[in-house]
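Visitor: Below is entry.cif; it holds mmCIF, C-alpha atoms.
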```
data_target
#
loop_
_atom_site.group_PDB
_atom_site.id
_atom_site.type_symbol
_atom_site.label_atom_id
_atom_site.label_comp_id
_atom_site.auth_asym_id
_atom_site.auth_seq_id
_atom_site.Cartn_x
_atom_site.Cartn_y
_atom_site.Cartn_z
ATOM 1 C CA MET A 1 37.719 8.846 -0.004
ATOM 2 C CA ALA A 2 37.412 7.481 -3.545
ATOM 3 C CA THR A 3 38.020 9.847 -6.447
ATOM 4 C CA LEU A 4 34.798 10.466 -8.363
ATOM 5 C CA THR A 5 35.108 10.251 -12.131
ATOM 6 C CA VAL A 6 31.531 10.817 -13.329
ATOM 7 C CA SER A 7 31.039 14.457 -14.311
ATOM 8 C CA ALA A 8 28.191 16.606 -13.006
ATOM 9 C CA ALA A 9 26.828 16.812 -16.555
ATOM 10 C CA ASP A 10 26.773 13.021 -16.941
ATOM 11 C CA GLU A 11 25.229 12.632 -13.494
ATOM 12 C CA LYS A 12 22.450 15.026 -14.519
ATOM 13 C CA ARG A 13 21.996 13.204 -17.841
ATOM 14 C CA VAL A 14 21.478 9.783 -16.285
ATOM 15 C CA LYS A 15 19.292 11.203 -13.515
ATOM 16 C CA ALA A 16 16.826 12.184 -16.239
ATOM 17 C CA MET A 17 16.848 8.496 -17.226
ATOM 18 C CA GLY A 18 15.991 7.398 -13.678
ATOM 19 C CA PHE A 19 19.497 6.747 -12.298
ATOM 20 C CA LEU A 20 20.226 8.480 -9.004
ATOM 21 C CA SER A 21 23.760 8.905 -7.710
ATOM 22 C CA ASN A 22 24.794 6.799 -4.729
ATOM 23 C CA LYS A 23 26.360 9.463 -2.509
ATOM 24 C CA GLY A 24 30.150 9.561 -2.538
ATOM 25 C CA THR A 25 30.521 6.938 -5.285
ATOM 26 C CA ASP A 26 30.446 6.574 -9.065
ATOM 27 C CA ASN A 27 27.552 4.140 -8.675
ATOM 28 C CA PHE A 28 23.851 4.734 -9.217
ATOM 29 C CA SER A 29 20.456 3.390 -8.191
ATOM 30 C CA GLY A 30 18.351 2.507 -11.210
ATOM 31 C CA ARG A 31 14.707 3.430 -10.605
ATOM 32 C CA ILE A 32 12.371 0.915 -12.265
ATOM 33 C CA ILE A 33 8.795 1.978 -12.983
ATOM 34 C CA THR A 34 6.203 -0.563 -11.835
ATOM 35 C CA VAL A 35 3.257 1.338 -13.435
ATOM 36 C CA ASN A 36 1.089 0.975 -10.316
ATOM 37 C CA GLY A 37 3.066 -1.083 -7.834
ATOM 38 C CA LYS A 38 2.203 -4.411 -9.465
ATOM 39 C CA ILE A 39 4.757 -6.581 -11.259
ATOM 40 C CA THR A 40 4.772 -10.179 -12.460
ATOM 41 C CA ALA A 41 6.809 -13.045 -11.027
ATOM 42 C CA ALA A 42 8.911 -13.031 -14.213
ATOM 43 C CA GLN A 43 9.626 -9.327 -13.761
ATOM 44 C CA GLN A 44 10.622 -9.912 -10.144
ATOM 45 C CA ARG A 45 13.082 -12.599 -11.235
ATOM 46 C CA CYS A 46 14.481 -10.293 -13.908
ATOM 47 C CA ILE A 47 14.999 -7.473 -11.397
ATOM 48 C CA ALA A 48 16.736 -9.823 -8.946
ATOM 49 C CA GLU A 49 19.033 -11.111 -11.692
ATOM 50 C CA ALA A 50 19.803 -7.571 -12.853
ATOM 51 C CA ALA A 51 20.625 -6.523 -9.284
ATOM 52 C CA GLU A 52 23.197 -9.304 -9.001
ATOM 53 C CA LYS A 53 24.554 -8.905 -12.530
ATOM 54 C CA PHE A 54 24.881 -5.108 -12.706
ATOM 55 C CA GLY A 55 24.421 -3.781 -9.158
ATOM 56 C CA ASN A 56 25.390 -4.748 -5.630
ATOM 57 C CA GLY A 57 22.579 -7.269 -5.239
ATOM 58 C CA THR A 58 20.349 -4.904 -3.252
ATOM 59 C CA VAL A 59 16.788 -3.974 -4.263
ATOM 60 C CA THR A 60 14.866 -1.226 -2.473
ATOM 61 C CA PHE A 61 11.330 0.113 -2.740
ATOM 62 C CA THR A 62 10.402 3.786 -2.920
ATOM 63 C CA THR A 63 7.378 5.489 -1.402
ATOM 64 C CA ARG A 64 6.061 5.995 -4.972
ATOM 65 C CA LEU A 65 5.875 2.219 -5.595
ATOM 66 C CA THR A 66 8.938 2.157 -7.820
ATOM 67 C CA ILE A 67 11.871 -0.238 -7.391
ATOM 68 C CA GLU A 68 15.511 0.789 -7.178
ATOM 69 C CA VAL A 69 18.491 -1.448 -7.888
ATOM 70 C CA GLN A 70 21.503 -0.047 -6.059
ATOM 71 C CA GLY A 71 25.188 0.070 -6.857
ATOM 72 C CA ILE A 72 25.104 0.173 -10.660
ATOM 73 C CA PRO A 73 28.382 1.516 -12.114
ATOM 74 C CA TYR A 74 28.014 4.357 -14.601
ATOM 75 C CA ASP A 75 29.394 2.271 -17.464
ATOM 76 C CA LYS A 76 26.821 -0.507 -16.884
ATOM 77 C CA ILE A 77 23.708 1.690 -17.022
ATOM 78 C CA GLU A 78 22.809 0.994 -20.648
ATOM 79 C CA ALA A 79 23.379 -2.764 -20.243
ATOM 80 C CA PHE A 80 21.151 -2.727 -17.157
ATOM 81 C CA GLN A 81 18.370 -0.994 -19.102
ATOM 82 C CA ALA A 82 18.632 -3.500 -21.938
ATOM 83 C CA TYR A 83 18.496 -6.419 -19.503
ATOM 84 C CA ILE A 84 15.315 -5.367 -17.715
ATOM 85 C CA ALA A 85 13.684 -4.372 -21.026
ATOM 86 C CA ARG A 86 13.389 -8.107 -21.787
ATOM 87 C CA GLU A 87 10.489 -8.190 -19.327
ATOM 88 C CA GLY A 88 9.000 -4.867 -20.433
ATOM 89 C CA LEU A 89 10.573 -2.883 -17.600
ATOM 90 C CA VAL A 90 11.904 0.666 -17.934
ATOM 91 C CA THR A 91 13.634 3.224 -15.734
ATOM 92 C CA GLY A 92 12.528 6.804 -15.114
ATOM 93 C CA GLY A 93 10.341 8.673 -12.652
ATOM 94 C CA THR A 94 12.385 11.828 -12.135
ATOM 95 C CA GLY A 95 12.153 15.479 -13.194
ATOM 96 C CA SER A 96 9.616 18.315 -13.221
ATOM 97 C CA MET A 97 6.885 16.347 -14.911
ATOM 98 C CA VAL A 98 4.150 13.823 -14.145
ATOM 99 C CA ARG A 99 5.575 11.260 -11.724
ATOM 100 C CA PRO A 100 4.747 7.542 -11.397
ATOM 101 C CA VAL A 101 1.227 6.891 -10.125
ATOM 102 C CA VAL A 102 0.638 5.424 -6.661
ATOM 103 C CA ALA A 103 -2.361 3.140 -6.119
ATOM 104 C CA CYS A 104 -3.809 0.970 -3.383
ATOM 105 C CA LYS A 105 -4.892 -2.585 -4.137
ATOM 106 C CA GLY A 106 -8.481 -1.567 -4.914
ATOM 107 C CA THR A 107 -11.131 -4.213 -5.335
ATOM 108 C CA THR A 108 -9.004 -7.032 -3.910
ATOM 109 C CA CYS A 109 -9.535 -5.189 -0.596
ATOM 110 C CA GLN A 110 -12.845 -5.697 1.219
ATOM 111 C CA TYR A 111 -13.408 -1.928 1.232
ATOM 112 C CA GLY A 112 -12.371 -1.232 -2.366
ATOM 113 C CA LEU A 113 -14.915 0.710 -4.419
ATOM 114 C CA LEU A 114 -12.986 0.949 -7.667
ATOM 115 C CA ASP A 115 -10.325 -1.046 -9.501
ATOM 116 C CA SER A 116 -7.337 1.034 -8.442
ATOM 117 C CA PHE A 117 -4.898 -1.074 -10.462
ATOM 118 C CA ALA A 118 -6.868 -0.657 -13.688
ATOM 119 C CA ILE A 119 -7.504 3.079 -13.459
ATOM 120 C CA SER A 120 -3.964 3.832 -12.257
ATOM 121 C CA GLU A 121 -2.559 1.878 -15.203
ATOM 122 C CA GLU A 122 -4.724 3.957 -17.527
ATOM 123 C CA ILE A 123 -3.507 7.146 -15.832
ATOM 124 C CA HIS A 124 0.068 5.899 -16.209
ATOM 125 C CA ARG A 125 -0.327 5.305 -19.946
ATOM 126 C CA ARG A 126 -2.141 8.567 -20.646
ATOM 127 C CA PHE A 127 -0.363 10.967 -18.353
ATOM 128 C CA TYR A 128 2.957 9.488 -17.196
ATOM 129 C CA GLU A 129 3.908 8.067 -20.586
ATOM 130 C CA GLY A 130 1.746 10.361 -22.706
ATOM 131 C CA TYR A 131 3.056 13.521 -21.023
ATOM 132 C CA ARG A 132 6.612 12.296 -20.432
ATOM 133 C CA GLY A 133 8.164 15.005 -22.581
ATOM 134 C CA VAL A 134 6.045 17.832 -21.143
ATOM 135 C CA LYS A 135 7.927 20.096 -18.757
ATOM 136 C CA LEU A 136 5.961 21.354 -15.744
ATOM 137 C CA PRO A 137 6.771 23.950 -13.094
ATOM 138 C CA HIS A 138 7.607 21.126 -10.684
ATOM 139 C CA LYS A 139 6.877 17.427 -10.193
ATOM 140 C CA PHE A 140 3.212 16.415 -10.352
ATOM 141 C CA LYS A 141 2.189 13.440 -8.210
ATOM 142 C CA ILE A 142 -1.012 11.444 -8.627
ATOM 143 C CA ALA A 143 -2.469 8.865 -6.217
ATOM 144 C CA VAL A 144 -5.483 6.568 -6.562
ATOM 145 C CA GLY A 145 -7.262 5.292 -3.456
ATOM 146 C CA GLY A 146 -9.988 2.693 -3.725
ATOM 147 C CA CYS A 147 -12.057 4.021 -0.824
ATOM 148 C CA PRO A 148 -12.216 6.823 1.787
ATOM 149 C CA ASN A 149 -9.805 4.921 4.070
ATOM 150 C CA ASN A 150 -7.163 6.950 2.169
ATOM 151 C CA CYS A 151 -4.398 4.352 2.504
ATOM 152 C CA VAL A 152 -2.281 6.008 -0.228
ATOM 153 C CA LYS A 153 -3.039 9.531 1.057
ATOM 154 C CA PRO A 154 -4.614 10.928 -2.134
ATOM 155 C CA ASP A 155 -5.207 14.307 -0.478
ATOM 156 C CA LEU A 156 -1.462 14.747 0.086
ATOM 157 C CA ASN A 157 -0.709 14.436 -3.622
ATOM 158 C CA ASP A 158 -0.899 17.122 -6.277
ATOM 159 C CA LEU A 159 -3.996 15.278 -7.479
ATOM 160 C CA GLY A 160 -5.727 12.386 -5.769
ATOM 161 C CA ILE A 161 -8.660 10.141 -6.657
ATOM 162 C CA ILE A 162 -10.769 8.378 -4.034
ATOM 163 C CA GLY A 163 -13.327 5.703 -4.898
ATOM 164 C CA GLN A 164 -16.887 6.482 -3.860
ATOM 165 C CA ARG A 165 -20.224 4.694 -3.503
ATOM 166 C CA ILE A 166 -22.948 7.270 -3.052
ATOM 167 C CA PRO A 167 -25.931 5.893 -1.077
ATOM 168 C CA GLY A 168 -29.247 5.949 -2.903
ATOM 169 C CA LEU A 169 -31.787 6.173 -0.100
ATOM 170 C CA ASP A 170 -35.465 5.418 -0.836
ATOM 171 C CA GLN A 171 -37.223 6.896 2.183
ATOM 172 C CA ASP A 172 -40.595 5.519 1.055
ATOM 173 C CA GLU A 173 -39.297 2.033 1.902
ATOM 174 C CA CYS A 174 -38.038 3.047 5.360
ATOM 175 C CA ASN A 175 -40.038 1.537 8.256
ATOM 176 C CA GLY A 176 -38.305 3.596 10.956
ATOM 177 C CA CYS A 177 -36.973 0.541 12.796
ATOM 178 C CA LYS A 178 -35.898 1.261 16.371
ATOM 179 C CA LYS A 179 -32.698 -0.673 15.673
ATOM 180 C CA CYS A 180 -31.839 0.551 12.203
ATOM 181 C CA GLY A 181 -29.294 -1.669 10.434
ATOM 182 C CA VAL A 182 -27.991 1.279 8.450
ATOM 183 C CA VAL A 183 -27.441 3.476 11.505
ATOM 184 C CA GLN A 184 -25.642 0.624 13.258
ATOM 185 C CA VAL A 185 -23.076 0.067 10.498
ATOM 186 C CA CYS A 186 -22.398 3.664 9.422
ATOM 187 C CA PRO A 187 -18.809 4.389 10.542
ATOM 188 C CA MET A 188 -19.175 8.156 10.099
ATOM 189 C CA GLY A 189 -22.372 8.654 12.105
ATOM 190 C CA ALA A 190 -23.988 10.171 9.018
ATOM 191 C CA ALA A 191 -27.049 7.889 9.103
ATOM 192 C CA LYS A 192 -29.694 8.859 11.676
ATOM 193 C CA LEU A 193 -33.384 8.405 12.324
ATOM 194 C CA GLU A 194 -35.161 11.752 12.199
ATOM 195 C CA ASP A 195 -38.848 11.615 13.232
ATOM 196 C CA GLY A 196 -38.867 7.881 12.542
ATOM 197 C CA VAL A 197 -37.385 8.192 9.045
ATOM 198 C CA LEU A 198 -33.830 7.390 7.979
ATOM 199 C CA GLU A 199 -31.765 10.423 6.965
ATOM 200 C CA ILE A 200 -28.192 10.565 5.670
ATOM 201 C CA ASP A 201 -26.293 13.746 6.457
ATOM 202 C CA LYS A 202 -24.439 14.509 3.204
ATOM 203 C CA SER A 203 -22.108 16.905 5.030
ATOM 204 C CA VAL A 204 -20.853 13.993 7.160
ATOM 205 C CA CYS A 205 -21.180 11.023 4.786
ATOM 206 C CA ASN A 206 -17.908 10.159 3.018
ATOM 207 C CA ASN A 207 -19.549 7.785 0.497
ATOM 208 C CA CYS A 208 -17.736 4.716 1.817
ATOM 209 C CA GLY A 209 -20.713 2.533 0.840
ATOM 210 C CA ARG A 210 -20.569 0.486 4.047
ATOM 211 C CA CYS A 211 -24.263 1.134 4.761
ATOM 212 C CA ILE A 212 -25.598 -0.154 1.451
ATOM 213 C CA GLY A 213 -27.566 -3.372 1.705
ATOM 214 C CA HIS A 214 -28.048 -3.152 5.479
ATOM 215 C CA CYS A 215 -31.650 -1.963 5.495
ATOM 216 C CA HIS A 216 -33.948 -4.919 6.224
ATOM 217 C CA PHE A 217 -36.683 -3.338 4.113
ATOM 218 C CA ASP A 218 -34.587 -2.502 1.028
ATOM 219 C CA ALA A 219 -34.570 1.265 1.553
ATOM 220 C CA LEU A 220 -30.849 1.390 0.817
ATOM 221 C CA ASP A 221 -30.015 -1.345 -1.676
ATOM 222 C CA GLU A 222 -28.367 0.807 -4.335
ATOM 223 C CA GLY A 223 -25.310 3.018 -4.515
ATOM 224 C CA THR A 224 -23.744 4.981 -7.352
ATOM 225 C CA TYR A 225 -20.034 4.388 -7.875
ATOM 226 C CA GLY A 226 -17.904 7.443 -8.463
ATOM 227 C CA TYR A 227 -14.625 9.319 -8.179
ATOM 228 C CA LYS A 228 -13.840 12.066 -5.686
ATOM 229 C CA ILE A 229 -10.933 14.264 -6.793
ATOM 230 C CA TYR A 230 -8.628 16.207 -4.495
ATOM 231 C CA ILE A 231 -6.230 18.855 -5.786
ATOM 232 C CA GLY A 232 -3.297 20.700 -4.271
ATOM 233 C CA GLY A 233 -1.980 18.220 -1.749
ATOM 234 C CA ARG A 234 1.734 18.324 -0.950
ATOM 235 C CA TRP A 235 4.041 16.344 1.301
ATOM 236 C CA GLY A 236 7.562 17.539 1.919
ATOM 237 C CA LYS A 237 9.269 20.633 3.281
ATOM 238 C CA LYS A 238 5.990 22.537 3.088
ATOM 239 C CA VAL A 239 2.917 20.408 3.784
ATOM 240 C CA ALA A 240 -0.469 21.223 2.263
ATOM 241 C CA GLN A 241 -3.667 19.177 2.447
ATOM 242 C CA GLY A 242 -5.568 18.942 -0.810
ATOM 243 C CA ARG A 243 -9.163 20.070 -1.183
ATOM 244 C CA ALA A 244 -11.902 18.080 -2.848
ATOM 245 C CA LEU A 245 -13.658 19.385 -5.911
ATOM 246 C CA SER A 246 -17.325 20.039 -5.200
ATOM 247 C CA LYS A 247 -18.477 17.488 -7.758
ATOM 248 C CA VAL A 248 -18.220 13.715 -7.331
ATOM 249 C CA PHE A 249 -17.675 12.301 -10.818
ATOM 250 C CA THR A 250 -19.663 9.232 -11.800
ATOM 251 C CA CYS A 251 -18.084 8.929 -15.273
ATOM 252 C CA LYS A 252 -14.514 7.646 -15.504
ATOM 253 C CA GLU A 253 -13.739 9.595 -18.679
ATOM 254 C CA GLU A 254 -14.908 12.805 -17.048
ATOM 255 C CA ALA A 255 -12.628 12.135 -14.067
ATOM 256 C CA LEU A 256 -9.670 11.420 -16.359
ATOM 257 C CA ALA A 257 -10.388 14.630 -18.258
ATOM 258 C CA VAL A 258 -10.077 16.549 -14.986
ATOM 259 C CA ILE A 259 -6.602 15.054 -14.485
ATOM 260 C CA GLU A 260 -5.551 16.224 -17.929
ATOM 261 C CA LYS A 261 -6.992 19.678 -17.347
ATOM 262 C CA ALA A 262 -5.134 19.925 -14.029
ATOM 263 C CA ILE A 263 -1.828 19.087 -15.739
ATOM 264 C CA LEU A 264 -2.499 21.608 -18.506
ATOM 265 C CA LEU A 265 -3.487 24.297 -16.001
ATOM 266 C CA PHE A 266 -0.321 23.669 -13.984
ATOM 267 C CA ARG A 267 1.845 23.927 -17.090
ATOM 268 C CA GLU A 268 0.138 27.074 -18.367
ATOM 269 C CA GLN A 269 -0.419 29.010 -15.145
ATOM 270 C CA GLY A 270 2.114 27.624 -12.674
ATOM 271 C CA LYS A 271 5.372 29.425 -12.008
ATOM 272 C CA THR A 272 8.630 27.547 -12.542
ATOM 273 C CA GLY A 273 9.706 25.915 -9.261
ATOM 274 C CA GLU A 274 6.214 26.105 -7.772
ATOM 275 C CA ARG A 275 4.209 23.034 -6.696
ATOM 276 C CA PHE A 276 0.578 22.740 -7.767
ATOM 277 C CA ALA A 277 -0.498 23.632 -4.216
ATOM 278 C CA GLY A 278 1.253 26.974 -4.612
ATOM 279 C CA THR A 279 -0.410 27.596 -7.963
ATOM 280 C CA ILE A 280 -3.838 26.926 -6.450
ATOM 281 C CA GLU A 281 -3.125 29.158 -3.465
ATOM 282 C CA ARG A 282 -1.997 31.983 -5.760
ATOM 283 C CA LEU A 283 -4.906 31.680 -8.230
ATOM 284 C CA SER A 284 -7.504 30.673 -5.580
ATOM 285 C CA PHE A 285 -9.160 27.286 -5.258
ATOM 286 C CA GLU A 286 -12.429 28.620 -6.673
ATOM 287 C CA ASN A 287 -10.688 29.887 -9.818
ATOM 288 C CA VAL A 288 -8.878 26.593 -10.383
ATOM 289 C CA GLU A 289 -11.995 24.506 -9.734
ATOM 290 C CA ALA A 290 -13.983 26.573 -12.226
ATOM 291 C CA GLN A 291 -11.336 25.954 -14.878
ATOM 292 C CA LEU A 292 -11.192 22.213 -14.147
ATOM 293 C CA LEU A 293 -14.962 21.920 -14.537
ATOM 294 C CA ASP A 294 -14.891 23.916 -17.788
ATOM 295 C CA SER A 295 -13.656 22.864 -21.245
ATOM 296 C CA GLY A 296 -11.353 25.806 -21.978
ATOM 297 C CA LEU A 297 -8.098 24.098 -20.972
ATOM 298 C CA LEU A 298 -8.705 21.150 -23.294
ATOM 299 C CA GLU A 299 -9.641 23.517 -26.098
ATOM 300 C CA ARG A 300 -6.249 25.211 -25.633
ATOM 301 C CA LYS A 301 -4.402 21.917 -25.163
ATOM 302 C CA GLN A 302 -2.101 22.081 -28.166
ATOM 303 C CA GLN A 303 -1.325 25.739 -27.578
ATOM 304 C CA ILE A 304 -0.383 24.977 -23.960
ATOM 305 C CA LEU A 305 1.766 21.995 -24.928
ATOM 306 C CA ASP A 306 3.564 23.898 -27.685
ATOM 307 C CA ALA A 307 4.476 26.860 -25.463
ATOM 308 C CA GLU A 308 8.118 27.104 -24.357
ATOM 309 C CA LEU A 309 7.625 27.102 -20.607
ATOM 310 C CA HIS A 310 9.647 26.034 -17.546
ATOM 311 C CA MET A 311 12.855 25.610 -19.497
ATOM 312 C CA THR A 312 15.196 26.696 -16.673
ATOM 313 C CA GLY A 313 14.057 24.300 -13.930
ATOM 314 C CA GLY A 314 14.714 24.849 -10.257
ATOM 315 C CA ALA A 315 12.420 23.667 -7.467
ATOM 316 C CA ALA A 316 11.247 26.190 -4.890
ATOM 317 C CA CYS A 317 10.431 23.529 -2.289
#
```
The structure given in the file should be rewritten as structure tokens.

Guide:
Amino acid sequence: MATLTVSAADEKRVKAMGFLSNKGTDNFSGRIITVNGKITAAQQRCIAEAAEKFGNGTVTFTTRLTIEVQGIPYDKIEAFQAYIAREGLVTGGTGSMVRPVVACKGTTCQYGLLDSFAISEEIHRRFYEGYRGVKLPHKFKIAVGGCPNNCVKPDLNDLGIIGQRIPGLDQDECNGCKKCGVVQVCPMGAAKLEDGVLEIDKSVCNNCGRCIGHCHFDALDEGTYGYKIYIGGRWGKKVAQGRALSKVFTCKEEALAVIEKAILLFREQGKTGERFAGTIERLSFENVEAQLLDSGLLERKQQILDAELHMTGGAAC
């Protein structure tokens, strides 16, 4: 077995920069942040060149839509960072803080109800980059799904956003057709004819928007776009499914404010080593939801950020 020369302290130092030790060697995998899983052709070429120049020529993809170049010697880490910086690429994505955002392809998909790439890039700038120096009790993962198909599993992240299109039914225009176009296309079985009038069961409807435009008499031509937010999801040693907030947000800024409030709440009220799911379980979902729908956390923002919290580290799961 090869003798390892990189100290534990140096290994910890470069891990904070996004370089993860390749087990049993002095080499590292450099984790490149893609912002939202989308990179340019020029960036792809740069990564391939860097993999051959500084690593072992192998590029891998993580479940969080980041890219890792394997086999980088410790003494080539800084040169590797400088090389990829030519195309605006950086390493990172580790630690007890906001992690890189995961997004589906959004409106390029036939089912997409929101521009997942655009909103996830905004989340990245505001909360991954903007909160990069803010220590949290544990990692905080965010996912953006363009529709209720849940391809990126938003409800298994600490916070997840799902695109919505809320049907706007005008029952006065309903003719009670025996073969209702809306009922036929509804994948959830939420649309039904009750006493000859179209009804949509809100407890069943997932706001996928598939029914909109399928009424032959224009009773369902409109739909309000929005954002459904799940909190407290967790995938790992201890699995927890997130719960949706009771409100569907129709304003993007209001939805983004909820993300910021969730991060602030986690920092202020979470225990070191505890995932957000554990914080919610301990405080109660109702308590956390009330705080996320209120303005108090943002009013205390600077106080929360300035507090010396979670300095020791140590993940509980």

Visitor: At a cut-off of 9 Å, using all atoms listed in the file, what residues contact Phe80 of chain A? Leave out same-chain residues fewer than 5 positions from it and give the result as a PDB file with C-alpha atoms, in the coordinates of the input.

Guide:
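Listed below is the output, selection_15.pdb:
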```pdb
ATOM      1  CA  GLY A  30      18.351   2.507 -11.210  1.00  0.00           C
ATOM      2  CA  ALA A  50      19.803  -7.571 -12.853  1.00  0.00           C
ATOM      3  CA  ALA A  51      20.625  -6.523  -9.284  1.00  0.00           C
ATOM      4  CA  LYS A  53      24.554  -8.905 -12.530  1.00  0.00           C
ATOM      5  CA  PHE A  54      24.881  -5.108 -12.706  1.00  0.00           C
ATOM      6  CA  GLY A  55      24.421  -3.781  -9.158  1.00  0.00           C
ATOM      7  CA  ILE A  72      25.104   0.173 -10.660  1.00  0.00           C
ATOM      8  CA  ALA A  85      13.684  -4.372 -21.026  1.00  0.00           C
TER       9      ALA A  85
END
```

Visitor: Find the spatial neighbours of Ile142 of chain A, counting all atoms listed in the file, within a cut-off of 12 Å - ignore same-chain residues fewer than 5 positions away - and output them as a short mmCIF file (atom, residue, chain, number, x, y, z; two decimals) with C-alpha atoms, in the coordinates of the input.

Guide:
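That gives us selection32.cif:
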```
data_model
loop_
_atom_site.label_atom_id
_atom_site.label_comp_id
_atom_site.auth_asym_id
_atom_site.auth_seq_id
_atom_site.Cartn_x
_atom_site.Cartn_y
_atom_site.Cartn_z
CA VAL A 35 3.26 1.34 -13.44
CA ASN A 36 1.09 0.98 -10.32
CA ARG A 64 6.06 6.00 -4.97
CA LEU A 65 5.88 2.22 -5.60
CA MET A 97 6.88 16.35 -14.91
CA VAL A 98 4.15 13.82 -14.14
CA ARG A 99 5.58 11.26 -11.72
CA PRO A 100 4.75 7.54 -11.40
CA VAL A 101 1.23 6.89 -10.12
CA VAL A 102 0.64 5.42 -6.66
CA ALA A 103 -2.36 3.14 -6.12
CA ILE A 119 -7.50 3.08 -13.46
CA SER A 120 -3.96 3.83 -12.26
CA GLU A 121 -2.56 1.88 -15.20
CA ILE A 123 -3.51 7.15 -15.83
CA HIS A 124 0.07 5.90 -16.21
CA PHE A 127 -0.36 10.97 -18.35
CA TYR A 128 2.96 9.49 -17.20
CA VAL A 152 -2.28 6.01 -0.23
CA LYS A 153 -3.04 9.53 1.06
CA PRO A 154 -4.61 10.93 -2.13
CA ASP A 155 -5.21 14.31 -0.48
CA LEU A 156 -1.46 14.75 0.09
CA ASN A 157 -0.71 14.44 -3.62
CA ASP A 158 -0.90 17.12 -6.28
CA LEU A 159 -4.00 15.28 -7.48
CA GLY A 160 -5.73 12.39 -5.77
CA ILE A 161 -8.66 10.14 -6.66
CA ILE A 162 -10.77 8.38 -4.03
CA ILE A 229 -10.93 14.26 -6.79
CA TYR A 230 -8.63 16.21 -4.50
CA ILE A 231 -6.23 18.86 -5.79
CA GLY A 232 -3.30 20.70 -4.27
CA GLY A 233 -1.98 18.22 -1.75
CA ARG A 234 1.73 18.32 -0.95
CA GLY A 242 -5.57 18.94 -0.81
CA LEU A 256 -9.67 11.42 -16.36
CA ILE A 259 -6.60 15.05 -14.48
CA GLU A 260 -5.55 16.22 -17.93
CA ALA A 262 -5.13 19.92 -14.03
CA ILE A 263 -1.83 19.09 -15.74
CA PHE A 276 0.58 22.74 -7.77
#
```

Visitor: For segment 4-16 of chain A, take all atoms listed in the file, fit an axis-aligned box around them, add 5 Å to each of the six sides, then output centre and edge lengths in Å rounded to one decimal, as lines of an AutoDock Vina configuration file.

Guide:
```
center_x = 26.0
center_y = 13.3
center_z = -13.1
size_x = 28.3
size_y = 17.0
size_z = 19.5
```

Visitor: Carefully work through the PyMOL selection byres ((chain A and resi 307) around 12) for this structure and note down the residues it includes, as a PyMOL selection string.

Guide: chain A and resi 134-136+264+267-269+300-306+308-311

Visitor: Which polymer residues, protein or nucleic acid, are no farther than 7 Å from (-26.6, 5.9, -4.6), counting all atoms listed in the file, as a list in words?

Guide: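 Every residue inside that radius is included here: Arg165, Ile166, Pro167, Gly168, Leu169, Glu222, Gly223 and Thr224 of chain A.
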
Visitor: Could you state which residues are captured by the PyMOL selection byres ((chain A and resi 149) around 10) in this file, as a PyMOL selection string?

Guide: chain A and resi 111-112+145-148+150-153+162-163+206+208

Visitor: Spell out the residues picked by the PyMOL selection byres ((chain A and resi 87) around 10) here, as a list in words.

Guide: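 That expression, the PyMOL selection byres ((chain A and resi 87) around 10), corresponds here to Thr40, Ala42, Gln43, Gln44, Arg45, Cys46, Ile47, Ala82, Tyr83, Ile84, Ala85, Arg86, Gly88, Leu89 and Val90 of chain A.
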
Visitor: May I have the protein, DNA and RNA residues with an atom at most 10 Å from (-35.5, -1.4, 7.1), counting all atoms listed in the file in the file's coordinates, returned as a ChimeraX atom specification?

Guide: /A:171,173-182,197-198,213-220

Visitor: Go ahead and compute the interatomic distance for atom CA of Val6 of chain A and atom CA of Ile67 of chain A, in Å to one decimal.

Guide: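 These atoms are spaced 23.3 Å apart.
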
Visitor: Rounded to one decimal in Å, what is the spacing between atom CA of Lys247 of chain A and atom CA of Asn287 of chain A?

Guide: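 Computing it gives 14.8 Å between the two atoms.
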
Visitor: Report, in Å to a single decimal, how far apart atom CA of Gln70 of chain A and atom CA of Thr58 of chain A are.

Guide: 5.7 Å

Visitor: Using all atoms listed in the file, pick whichever of A:Glu274, A:Asp201, A:Glu281, A:Glu254 has the shortest atom-to-atom distance to Ser295 of chain A.

Guide: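 Selected residue with least distance to Ser295 of chain A: A:Glu254.
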
Visitor: Using all atoms listed in the file, determine which residues lie at most 10 Å from Lys15 of chain A, disregarding the query and same-chain residues fewer than 3 positions distant; provide the list as a PyMOL selection string.

Guide: chain A and resi 9-12+18-21+28-31+92-95

Visitor: Given the choices A:Phe249, A:Tyr225, A:Phe285, A:Phe61, which gets closest to Gln164 of chain A if the distance is worked out from only C-alpha atoms?

Guide: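 Among the listed residues, the smallest separation from Gln164 of chain A belongs to A:Tyr225.
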
Visitor: My list of candidates is A:Asp195, A:Asp26, A:Asp294, A:Glu122. Which is closest to Lys261 of chain A when distances are computed with all atoms listed in the file?

Guide: A:Asp294

Visitor: Between A:Arg125, A:Phe117, A:Ile280, A:Ala257, single out the one closest to Leu297 of chain A, counting all atoms listed in the file.

Guide: A:Ala257
